[in-house]
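Asker: File entry11.tsv below, TSV, C-alpha atoms:
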chain	number	residue	atom	x	y	z
A	6	MET	CA	0.00	0.00	0.00
A	7	GLU	CA	1.28	3.46	-0.88
A	8	GLN	CA	2.15	5.49	2.19
A	9	GLN	CA	2.28	9.25	2.47
A	10	ILE	CA	2.81	11.53	5.41
A	11	PHE	CA	0.42	14.45	5.25
A	12	THR	CA	2.58	17.26	6.57
A	13	ASN	CA	1.40	20.85	6.99
A	14	GLU	CA	2.87	21.68	3.58
A	15	VAL	CA	1.03	18.82	1.88
A	16	ILE	CA	-2.26	19.72	3.57
A	17	LEU	CA	-1.89	23.37	2.55
A	18	SER	CA	-1.19	22.38	-1.05
A	19	TRP	CA	-4.43	20.37	-1.19
A	20	LEU	CA	-6.40	23.23	0.37
A	21	GLN	CA	-4.99	25.64	-2.23
A	22	TYR	CA	-5.81	23.18	-5.02
A	23	TYR	CA	-9.49	22.99	-4.04
A	24	ALA	CA	-9.68	26.71	-3.28
A	25	LYS	CA	-8.47	27.56	-6.79
A	26	ASN	CA	-10.54	25.01	-8.65
A	27	THR	CA	-13.89	24.94	-6.85
A	28	THR	CA	-16.39	27.44	-5.49
A	29	ILE	CA	-16.49	25.69	-2.13
A	30	ASP	CA	-16.01	27.93	0.90
A	31	LEU	CA	-13.15	26.36	2.84
A	32	GLU	CA	-13.44	28.70	5.80
A	33	HIS	CA	-15.05	26.08	8.02
A	34	VAL	CA	-13.57	22.93	6.50
A	35	LYS	CA	-12.87	20.07	8.90
A	36	ILE	CA	-9.59	18.28	8.18
A	37	ILE	CA	-9.20	14.60	9.07
A	38	ASP	CA	-6.19	12.41	8.30
A	39	ILE	CA	-7.37	8.80	8.45
A	40	THR	CA	-3.86	7.47	7.89
A	41	LYS	CA	-3.44	8.18	11.59
A	42	LYS	CA	-4.92	6.11	14.38
A	43	ASN	CA	-8.40	6.65	15.86
A	44	LYS	CA	-9.91	8.85	13.15
A	45	ASN	CA	-13.66	8.45	12.60
A	46	VAL	CA	-14.76	9.33	9.07
A	47	ILE	CA	-18.51	8.73	9.37
A	48	PRO	CA	-19.22	10.80	12.53
A	49	THR	CA	-16.99	13.58	11.17
A	50	VAL	CA	-18.87	13.78	7.85
A	51	GLU	CA	-22.22	13.58	9.68
A	52	SER	CA	-21.38	16.66	11.76
A	53	HIS	CA	-19.51	18.88	9.27
A	54	LYS	CA	-20.75	20.42	6.03
A	55	THR	CA	-17.27	20.27	4.47
A	56	THR	CA	-14.74	17.60	5.40
A	57	MET	CA	-11.30	17.21	3.84
A	58	VAL	CA	-10.25	13.58	4.18
A	59	PHE	CA	-6.62	12.54	3.71
A	60	THR	CA	-6.18	8.85	3.05
A	61	ASN	CA	-3.75	6.28	1.69
A	62	ALA	CA	-4.40	4.08	-1.31
A	63	GLY	CA	-5.88	0.64	-0.76
A	64	ILE	CA	-9.02	1.43	1.23
A	65	ASP	CA	-11.68	-0.48	-0.69
A	66	ASP	CA	-14.88	0.19	1.24
A	67	ILE	CA	-14.79	3.80	2.44
A	68	PHE	CA	-17.60	4.97	0.14
A	69	TYR	CA	-19.70	1.89	0.84
A	70	ARG	CA	-19.42	2.55	4.59
A	71	LEU	CA	-20.45	6.18	4.09
A	72	TRP	CA	-23.43	5.10	1.96
A	73	ASN	CA	-24.39	2.43	4.48
A	74	ALA	CA	-24.44	5.12	7.18
A	75	GLY	CA	-27.02	7.12	5.24
A	76	LEU	CA	-24.57	9.56	3.64
A	77	GLY	CA	-25.15	8.50	0.03
A	78	GLU	CA	-26.31	11.96	-1.06
A	79	CYS	CA	-23.06	13.63	0.00
A	80	GLN	CA	-20.90	15.11	-2.76
A	81	VAL	CA	-17.28	13.98	-3.17
A	82	TRP	CA	-14.70	16.18	-4.89
A	83	TYR	CA	-11.48	14.36	-5.83
A	84	ASN	CA	-8.87	13.78	-8.52
A	85	GLU	CA	-7.32	10.65	-10.00
A	86	GLY	CA	-3.77	11.19	-8.79
A	87	SER	CA	-1.77	11.50	-5.60
A	88	GLU	CA	-0.81	15.14	-6.18
A	89	PRO	CA	-3.01	18.26	-5.93
A	90	GLU	CA	-3.13	18.88	-9.67
A	91	GLY	CA	-5.17	18.07	-12.74
A	92	GLN	CA	-8.91	17.75	-13.23
A	93	ILE	CA	-11.26	17.71	-10.26
A	94	LEU	CA	-14.04	15.11	-10.41
A	95	ASN	CA	-17.35	15.28	-8.60
A	96	SER	CA	-19.76	12.45	-7.71
A	97	GLN	CA	-22.23	11.50	-5.04
A	98	VAL	CA	-21.21	8.89	-2.49
A	99	LYS	CA	-24.00	6.57	-3.66
A	100	ASP	CA	-22.41	6.46	-7.13
A	101	MET	CA	-19.00	5.53	-5.69
A	102	ILE	CA	-19.84	2.60	-3.41
A	103	ASN	CA	-17.96	0.13	-5.61
A	104	ARG	CA	-14.92	2.39	-5.84
A	105	GLY	CA	-11.96	2.29	-3.48
A	106	ILE	CA	-9.11	4.70	-2.94
A	107	ASN	CA	-6.47	4.16	-5.63
A	108	ALA	CA	-4.04	6.92	-4.68
A	109	SER	CA	-2.83	8.58	-1.51
A	110	ALA	CA	-4.53	11.95	-1.64
A	111	GLY	CA	-6.99	14.46	-0.20
A	112	MET	CA	-10.68	14.62	-1.09
A	113	LEU	CA	-13.54	16.88	-0.08
A	114	ILE	CA	-16.85	15.46	1.14
A	115	ILE	CA	-19.77	17.90	1.21
A	116	ASN	CA	-22.72	17.13	3.48
A	117	PRO	CA	-25.38	19.87	3.20
A	118	ASN	CA	-27.47	18.17	5.89
A	119	ALA	CA	-24.67	18.09	8.48
A	120	ARG	CA	-25.57	18.87	12.08
A	121	ASN	CA	-22.85	20.14	14.37
A	122	THR	CA	-24.81	19.44	17.54
A	123	ALA	CA	-23.37	16.75	19.78
A	124	LYS	CA	-25.19	13.44	19.92
A	125	ILE	CA	-26.12	12.86	23.54
A	126	GLY	CA	-28.72	10.29	24.49
A	127	ILE	CA	-29.01	8.44	21.18
A	128	GLY	CA	-32.22	6.46	20.86
A	129	ASN	CA	-31.81	2.79	21.72
A	130	ASP	CA	-33.34	1.80	18.39
A	131	LEU	CA	-30.19	3.04	16.64
A	132	PHE	CA	-27.94	0.51	18.36
A	133	LYS	CA	-27.42	-3.06	17.22
A	134	LYS	CA	-29.59	-5.24	19.44
A	135	GLY	CA	-27.48	-8.33	19.98
A	136	SER	CA	-27.23	-9.59	23.55
A	137	ILE	CA	-27.21	-6.21	25.28
A	138	GLN	CA	-30.03	-4.52	27.17
A	139	TYR	CA	-29.31	-0.81	26.90
A	140	VAL	CA	-29.93	1.80	29.56
A	141	GLY	CA	-32.63	4.34	28.68
A	142	SER	CA	-31.45	7.18	26.47
A	143	GLU	CA	-32.52	9.84	29.02
A	144	ILE	CA	-30.44	8.20	31.74
A	145	ARG	CA	-27.53	7.83	29.33
A	146	ALA	CA	-27.69	11.55	28.61
A	147	VAL	CA	-27.29	12.33	32.32
A	148	ILE	CA	-24.38	9.90	32.60
A	149	LEU	CA	-22.60	11.53	29.66
A	150	ASN	CA	-23.21	14.93	31.21
A	151	LYS	CA	-21.51	13.73	34.39
A	152	MET	CA	-18.58	12.30	32.38
A	153	MET	CA	-17.93	15.70	30.72
A	154	VAL	CA	-16.30	14.06	27.70
A	155	ASP	CA	-13.80	16.24	25.81
A	156	THR	CA	-12.60	15.69	22.24
A	157	GLN	CA	-9.21	14.24	23.24
A	158	ASP	CA	-10.21	12.26	26.33
A	159	ASP	CA	-9.11	8.67	26.85
A	160	ILE	CA	-11.99	6.88	28.53
A	161	CYS	CA	-12.42	3.42	30.05
A	162	VAL	CA	-16.00	2.12	29.95
A	163	ILE	CA	-16.67	-1.08	31.88
A	164	GLY	CA	-19.92	-2.85	31.07
A	165	GLY	CA	-21.54	0.21	29.50
A	166	GLU	CA	-21.88	-0.57	25.84
A	167	SER	CA	-24.01	2.35	24.64
A	168	ILE	CA	-22.01	4.70	26.88
A	169	ALA	CA	-18.84	3.53	25.11
A	170	ILE	CA	-20.33	4.26	21.68
A	171	GLU	CA	-21.55	7.74	22.57
A	172	ALA	CA	-18.29	8.58	24.37
A	173	ALA	CA	-16.36	7.55	21.26
A	174	LEU	CA	-18.51	9.92	19.17
A	175	LEU	CA	-17.86	12.75	21.63
A	176	ALA	CA	-14.09	12.11	21.83
A	177	PRO	CA	-13.09	11.77	18.15
A	178	GLU	CA	-9.44	12.55	18.92
A	179	GLY	CA	-9.29	10.32	21.98
A	180	THR	CA	-9.74	6.62	22.71
A	181	VAL	CA	-12.46	4.56	24.36
A	182	ILE	CA	-11.41	1.32	26.05
A	183	ALA	CA	-14.56	-0.80	26.18
A	184	VAL	CA	-14.36	-3.60	28.73
A	185	GLU	CA	-16.81	-6.45	28.08
A	186	TYR	CA	-16.46	-9.62	30.12
A	187	ASN	CA	-19.06	-11.60	28.18
A	188	GLY	CA	-18.09	-12.90	24.73
A	189	THR	CA	-21.51	-12.33	23.16
A	190	ASP	CA	-21.55	-8.77	24.52
A	191	ARG	CA	-18.13	-8.20	22.94
A	192	ASP	CA	-19.57	-9.41	19.63
A	193	THR	CA	-22.45	-6.92	19.91
A	194	MET	CA	-20.00	-4.19	20.86
A	195	GLU	CA	-17.98	-4.92	17.72
A	196	GLU	CA	-21.17	-4.75	15.63
A	197	ASN	CA	-21.93	-1.31	17.08
A	198	VAL	CA	-18.39	-0.09	16.47
A	199	GLU	CA	-18.73	-1.12	12.83
A	200	HIS	CA	-22.28	0.25	12.60
A	201	PHE	CA	-21.24	3.72	13.80
A	202	GLY	CA	-18.00	3.72	11.81
A	203	LEU	CA	-15.75	4.17	14.85
A	204	GLN	CA	-11.99	3.79	14.73
A	205	ASN	CA	-11.22	4.99	18.27
A	206	VAL	CA	-12.66	2.08	20.28
A	207	THR	CA	-10.50	-0.72	21.74
A	208	ILE	CA	-12.42	-3.72	23.12
A	209	ILE	CA	-10.85	-5.82	25.89
A	210	ASP	CA	-12.24	-8.53	28.17
A	211	HIS	CA	-10.99	-7.41	31.60
A	212	VAL	CA	-9.00	-4.75	33.44
A	213	ASP	CA	-5.43	-5.46	34.45
A	214	GLU	CA	-1.89	-4.48	33.55
A	215	GLU	CA	-1.55	-7.06	30.78
A	216	SER	CA	-4.84	-6.32	29.01
A	217	MET	CA	-4.29	-2.54	29.11
A	218	LYS	CA	-0.56	-2.42	28.36
A	219	ASN	CA	-1.15	-1.06	24.84
A	220	CYS	CA	-3.98	1.29	25.84
A	221	PRO	CA	-3.65	4.96	26.77
A	222	VAL	CA	-4.00	5.89	30.43
A	223	PRO	CA	-7.68	6.74	30.99
A	224	THR	CA	-8.67	10.25	32.08
A	225	THR	CA	-12.17	9.01	32.95
A	226	VAL	CA	-13.70	5.68	33.88
A	227	PHE	CA	-17.38	4.82	33.69
A	228	MET	CA	-18.42	1.50	35.16
A	229	VAL	CA	-21.50	-0.49	35.96
A	230	ALA	CA	-20.96	-1.62	39.54
A	231	SER	CA	-19.94	-5.27	39.82
A	232	ALA	CA	-18.17	-7.69	42.13
A	233	SER	CA	-14.82	-6.75	40.58
A	234	MET	CA	-15.36	-2.99	40.89
A	235	ASP	CA	-13.03	-2.52	43.89
A	236	GLN	CA	-10.11	-4.25	42.16
A	237	GLU	CA	-10.72	-2.38	38.90
A	238	LEU	CA	-10.81	1.00	40.63
A	239	ALA	CA	-7.72	0.17	42.68
A	240	TYR	CA	-5.79	-0.54	39.49
A	241	LEU	CA	-7.13	2.47	37.55
A	242	THR	CA	-6.53	4.98	40.37
A	243	LYS	CA	-2.98	3.66	40.69
A	244	LEU	CA	-2.57	4.08	36.93
A	245	ASN	CA	-3.96	7.64	37.05
A	246	PRO	CA	-4.42	9.14	40.54
A	247	GLN	CA	-6.34	12.07	39.01
A	248	ILE	CA	-8.86	9.91	37.16
A	249	GLN	CA	-12.52	10.95	37.03
A	250	VAL	CA	-14.88	8.18	38.18
A	251	VAL	CA	-18.53	7.67	37.23
A	252	ILE	CA	-20.35	4.61	38.64
A	253	TYR	CA	-23.82	3.29	37.74
A	254	THR	CA	-25.66	0.99	40.12
A	255	LEU	CA	-29.18	-0.19	40.91
A	256	ASP	CA	-28.04	-1.53	44.30
A	257	PHE	CA	-28.74	0.80	47.23
A	258	LYS	CA	-26.05	-0.83	49.40
A	259	VAL	CA	-23.44	-0.20	46.71
A	260	ALA	CA	-24.59	3.41	46.35
A	261	ALA	CA	-24.50	3.93	50.12
A	262	GLY	CA	-21.00	2.50	50.49
A	263	ALA	CA	-19.47	4.02	47.35
A	264	ALA	CA	-18.37	7.31	48.94
A	265	GLY	CA	-16.26	5.60	51.59
A	266	MET	CA	-14.73	3.19	49.08
A	267	LEU	CA	-13.83	5.99	46.66
A	268	GLU	CA	-12.39	8.20	49.38
A	269	ASP	CA	-10.13	5.33	50.48
A	270	LEU	CA	-8.79	5.32	46.91
A	271	GLY	CA	-8.10	9.06	46.95
A	272	ILE	CA	-11.24	10.07	45.04
A	273	LYS	CA	-12.62	13.36	46.36
A	274	ASP	CA	-15.78	15.44	45.95
A	275	VAL	CA	-17.92	12.31	45.74
A	276	GLU	CA	-21.51	12.98	44.72
A	277	THR	CA	-24.41	10.51	44.55
A	278	ILE	CA	-27.63	11.18	42.67
A	279	GLN	CA	-30.61	9.03	41.71
A	280	ILE	CA	-32.33	9.32	38.33
A	281	ALA	CA	-35.99	8.45	37.84
A	282	VAL	CA	-37.61	8.39	34.40
A	283	SER	CA	-41.22	7.47	33.63
A	284	ARG	CA	-42.84	7.05	30.22
A	285	LEU	CA	-46.49	7.47	29.39
A	286	SER	CA	-47.81	4.16	28.05
A	287	GLY	CA	-50.65	3.46	25.67
A	288	ASN	CA	-53.23	3.08	28.46
A	289	ASN	CA	-52.45	6.58	29.78
A	290	SER	CA	-50.49	5.31	32.77
A	291	PHE	CA	-46.83	5.99	33.50
A	292	LYS	CA	-44.36	3.14	33.39
A	293	GLN	CA	-41.27	3.80	35.47
A	294	GLN	CA	-37.86	2.76	34.24
A	295	PRO	CA	-35.22	1.38	36.63
A	296	ALA	CA	-33.96	4.27	38.81
A	297	PRO	CA	-30.19	3.99	39.13
A	298	TRP	CA	-27.80	5.81	41.40
A	299	ILE	CA	-24.94	7.64	39.70
A	300	ILE	CA	-21.82	8.19	41.83
A	301	THR	CA	-19.14	10.60	40.64
A	302	GLY	CA	-15.80	11.82	41.95
A	303	ARG	CA	-12.29	12.80	40.89
A	304	GLY	CA	-8.84	11.95	42.13
A	305	GLU	CA	-6.50	14.63	43.41
Turn this file's structure into structure tokens for me.
Answerer:
Amino acid sequence: MEQQIFTNEVILSWLQYYAKNTTIDLEHVKIIDITKKNKNVIPTVESHKTTMVFTNAGIDDIFYRLWNAGLGECQVWYNEGSEPEGQILNSQVKDMINRGINASAGMLIINPNARNTAKIGIGNDLFKKGSIQYVGSEIRAVILNKMMVDTQDDICVIGGESIAIEAALLAPEGTVIAVEYNGTDRDTMEENVEHFGLQNVTIIDHVDEESMKNCPVPTTVFMVASASMDQELAYLTKLNPQIQVVIYTLDFKVAAGAAGMLEDLGIKDVETIQIAVSRLSGNNSFKQQPAPWIITGRGE
């Protein structure tokens, strides 16, 4: 496969090429180099009207994946070579699904229907079903609010599949380490990663030094409380004493004892809240969802 390093000079030359040969306003263009690790094409195109994608030759399914994600109407501006010169071609993604990338180059993808608003609390119907029972989207939105995900955060999510997906969308320049103990849940997690076009998710089966040796040090951990929670937190707080912790539990005893456990690990400013959500059903009665406790804190 042809390799090319997209330096500042190379990127500028491609920007100048499109600026001179198209009427596209490049003022707000989003630049993404998918030759580097953890770069998500689909979420980037979904949320930006103009995306400049730099890619190596040999990627056979990029346009199919864009089409499969509902982006078939997007316009693609490109040329046939690996240098910013010559004729510019223009096609819709849906007309390019059988075409791969045959040269290391930059291309523009125009999405007139892009929405720059963050996706928080995605509807459960958008996730792959598999073996996982997802938390309600309203509760997930509160959890993500408590996590305060930034674009470059490295996040460990233990047993929270939909949380891992949304966190990966919110941290496109970071990494999500998704810990799934159950093999069928890992399979569903992989289906969701593929479904959402994510490149910044690493799936592992447990938390310890060996399994996380190639992972970045997490800035935040979200976990569904379990029997192994104490050992996991002991390891993660040792790895990063300033880590932010968010815990989900339906067990009152766990919620009541969490503050003391976290303080023993050096986690301060512990806060515990309970979330209650009810939905109006077809017979005009309210059906209450499980009401979890959310415990948060941060190391010093």
Asker: Would you work out the distance separating CA of Lys35 in chain A from CA of Asn197 in chain A, expressed in Å to one decimal?
Answerer: 24.6 Å
Asker: Just the residues within 10 Å of Trp72 in chain A, please, counting all atoms listed in the file, with nothing from its chain fewer than 2 positions along; format it as a list in words.
Answerer: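 Once the adjacent positions are removed, what remains is Ile47, Asp66, Ile67, Phe68, Tyr69, Arg70, Ala74, Gly75, Leu76, Gly77, Glu78, Cys79, Gln97, Val98, Lys99, Asp100, Met101 and Ile102 of chain A.
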Asker: To one decimal in Å, tell me the separation between CA of His53 in chain A and CA of Asn118 in chain A.
Answerer: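 Taking CA of His53 in chain A as the start and CA of Asn118 in chain A as the end point, the length is 8.7 Å.
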Asker: Using all atoms listed in the file, which of the listed residues (A:Thr301, A:Ile93, A:Met266, A:Ser18) sits closest to Gln236 in chain A?
Answerer: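 Selected residue with least distance to Gln236 in chain A: A:Met266.
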Asker: Can you pull out every residue within 12 Å of Asp190 in chain A, counting only C-alpha atoms, but drop anything in the same chain fewer than 2 positions away, and send it as a list in words?
Answerer: Lys133, Lys134, Gly135, Ser136, Ile137, Gln138, Tyr139, Ile163, Gly164, Gly165, Glu166, Ser167, Ala183, Val184, Glu185, Tyr186, Asn187, Gly188, Asp192, Thr193, Met194, Glu195, Glu196, Asn197, Ile208, Ile209 and Asp210 of chain A
Asker: Excluding range 219-222 of chain A and its own-chain neighbours fewer than 2 positions away, which residues fall within 9 Å of it when counting all atoms listed in the file? Please give them as a PyMOL selection string.
Answerer: chain A and resi 159-161+180+182+207+215-217+224+241+244-245
Asker: Quick one: of A:Leu175, A:Ile278, A:Val206, A:Ala169, who's nearest to Gln157 in chain A, counting all atoms listed in the file?
Answerer: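 So, comparing all the options, the nearest one is A:Leu175.
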Asker: Using all atoms listed in the file - which residues lie no farther than 10 Å from the point (-8.8, 10.4, 9.8) in the file's frame? Write them as number ranges by chain.
Answerer: A: 36-47, 49, 57-60, 177-178, 204
Asker: Using only C-alpha atoms, pick whichever of A:Ala119, A:Gln21, A:Leu131, A:Trp298 has the shortest atom-to-atom distance to Lys258 in chain A.
Answerer: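 Of all the options, A:Trp298 lies closest to Lys258 in chain A.
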Asker: Determine, counting all atoms listed in the file, every residue of protein, DNA or RNA that lies within 12 Å of (-8.2, 25.0, -2.0) in the file coordinates, then give the result as a PyMOL selection string.
Answerer: chain A and resi 15-32+34+57+82-83+89-90+93+111-113
Asker: Write the selection just made, keeping C-alpha atoms, as a PDB file, in the frame of the given file?
Answerer:
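Okay, this is what ended up in part-v9.pdb:
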ATOM      1  CA  VAL A  15       1.030  18.820   1.880  1.00  0.00           C
ATOM      2  CA  ILE A  16      -2.260  19.720   3.570  1.00  0.00           C
ATOM      3  CA  LEU A  17      -1.890  23.370   2.550  1.00  0.00           C
ATOM      4  CA  SER A  18      -1.190  22.380  -1.050  1.00  0.00           C
ATOM      5  CA  TRP A  19      -4.430  20.370  -1.190  1.00  0.00           C
ATOM      6  CA  LEU A  20      -6.400  23.230   0.370  1.00  0.00           C
ATOM      7  CA  GLN A  21      -4.990  25.640  -2.230  1.00  0.00           C
ATOM      8  CA  TYR A  22      -5.810  23.180  -5.020  1.00  0.00           C
ATOM      9  CA  TYR A  23      -9.490  22.990  -4.040  1.00  0.00           C
ATOM     10  CA  ALA A  24      -9.680  26.710  -3.280  1.00  0.00           C
ATOM     11  CA  LYS A  25      -8.470  27.560  -6.790  1.00  0.00           C
ATOM     12  CA  ASN A  26     -10.540  25.010  -8.650  1.00  0.00           C
ATOM     13  CA  THR A  27     -13.890  24.940  -6.850  1.00  0.00           C
ATOM     14  CA  THR A  28     -16.390  27.440  -5.490  1.00  0.00           C
ATOM     15  CA  ILE A  29     -16.490  25.690  -2.130  1.00  0.00           C
ATOM     16  CA  ASP A  30     -16.010  27.930   0.900  1.00  0.00           C
ATOM     17  CA  LEU A  31     -13.150  26.360   2.840  1.00  0.00           C
ATOM     18  CA  GLU A  32     -13.440  28.700   5.800  1.00  0.00           C
ATOM     19  CA  VAL A  34     -13.570  22.930   6.500  1.00  0.00           C
ATOM     20  CA  MET A  57     -11.300  17.210   3.840  1.00  0.00           C
ATOM     21  CA  TRP A  82     -14.700  16.180  -4.890  1.00  0.00           C
ATOM     22  CA  TYR A  83     -11.480  14.360  -5.830  1.00  0.00           C
ATOM     23  CA  PRO A  89      -3.010  18.260  -5.930  1.00  0.00           C
ATOM     24  CA  GLU A  90      -3.130  18.880  -9.670  1.00  0.00           C
ATOM     25  CA  ILE A  93     -11.260  17.710 -10.260  1.00  0.00           C
ATOM     26  CA  GLY A 111      -6.990  14.460  -0.200  1.00  0.00           C
ATOM     27  CA  MET A 112     -10.680  14.620  -1.090  1.00  0.00           C
ATOM     28  CA  LEU A 113     -13.540  16.880  -0.080  1.00  0.00           C
TER      29      LEU A 113
END
Asker: Work out how far apart CA of Gly141 in chain A and CA of Pro295 in chain A are and give it in Å to one decimal.
Answerer: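 The value is 8.9 Å.
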Asker: Identify, on the basis of only C-alpha atoms, every residue whose closest approach to Leu149 in chain A does not exceed 8 Å; exclude the query and any residue fewer than 5 positions from it along the same chain; express the result as a short mmCIF file (atom, residue, chain, number, x, y, z; two decimals) with C-alpha atoms, in the coordinates of the input.
Answerer:
data_model
loop_
_atom_site.label_atom_id
_atom_site.label_comp_id
_atom_site.auth_asym_id
_atom_site.auth_seq_id
_atom_site.Cartn_x
_atom_site.Cartn_y
_atom_site.Cartn_z
CA ILE A 125 -26.12 12.86 23.54
CA VAL A 154 -16.30 14.06 27.70
CA ILE A 168 -22.01 4.70 26.88
CA ALA A 172 -18.29 8.58 24.37
#
Asker: My list of candidates is A:Arg104, A:Arg120, A:Arg284, A:Lys243. Which is closest to Gly271 in chain A when distances are computed with all atoms listed in the file?
Answerer: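 Selected residue with least distance to Gly271 in chain A: A:Lys243.
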Asker: Save range 208-235 of chain A of the structure in the block above to a file, with C-alpha atoms included, as a tab-separated table (two decimals), in the first residue's frame.
Answerer:
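The resulting file, selection.tsv, is shown below:
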chain	number	residue	atom	x	y	z
A	208	ILE	CA	-12.42	-3.72	23.12
A	209	ILE	CA	-10.85	-5.82	25.89
A	210	ASP	CA	-12.24	-8.53	28.17
A	211	HIS	CA	-10.99	-7.41	31.60
A	212	VAL	CA	-9.00	-4.75	33.44
A	213	ASP	CA	-5.43	-5.46	34.45
A	214	GLU	CA	-1.89	-4.48	33.55
A	215	GLU	CA	-1.55	-7.06	30.78
A	216	SER	CA	-4.84	-6.32	29.01
A	217	MET	CA	-4.29	-2.54	29.11
A	218	LYS	CA	-0.56	-2.42	28.36
A	219	ASN	CA	-1.15	-1.06	24.84
A	220	CYS	CA	-3.98	1.29	25.84
A	221	PRO	CA	-3.65	4.96	26.77
A	222	VAL	CA	-4.00	5.89	30.43
A	223	PRO	CA	-7.68	6.74	30.99
A	224	THR	CA	-8.67	10.25	32.08
A	225	THR	CA	-12.17	9.01	32.95
A	226	VAL	CA	-13.70	5.68	33.88
A	227	PHE	CA	-17.38	4.82	33.69
A	228	MET	CA	-18.42	1.50	35.16
A	229	VAL	CA	-21.50	-0.49	35.96
A	230	ALA	CA	-20.96	-1.62	39.54
A	231	SER	CA	-19.94	-5.27	39.82
A	232	ALA	CA	-18.17	-7.69	42.13
A	233	SER	CA	-14.82	-6.75	40.58
A	234	MET	CA	-15.36	-2.99	40.89
A	235	ASP	CA	-13.03	-2.52	43.89
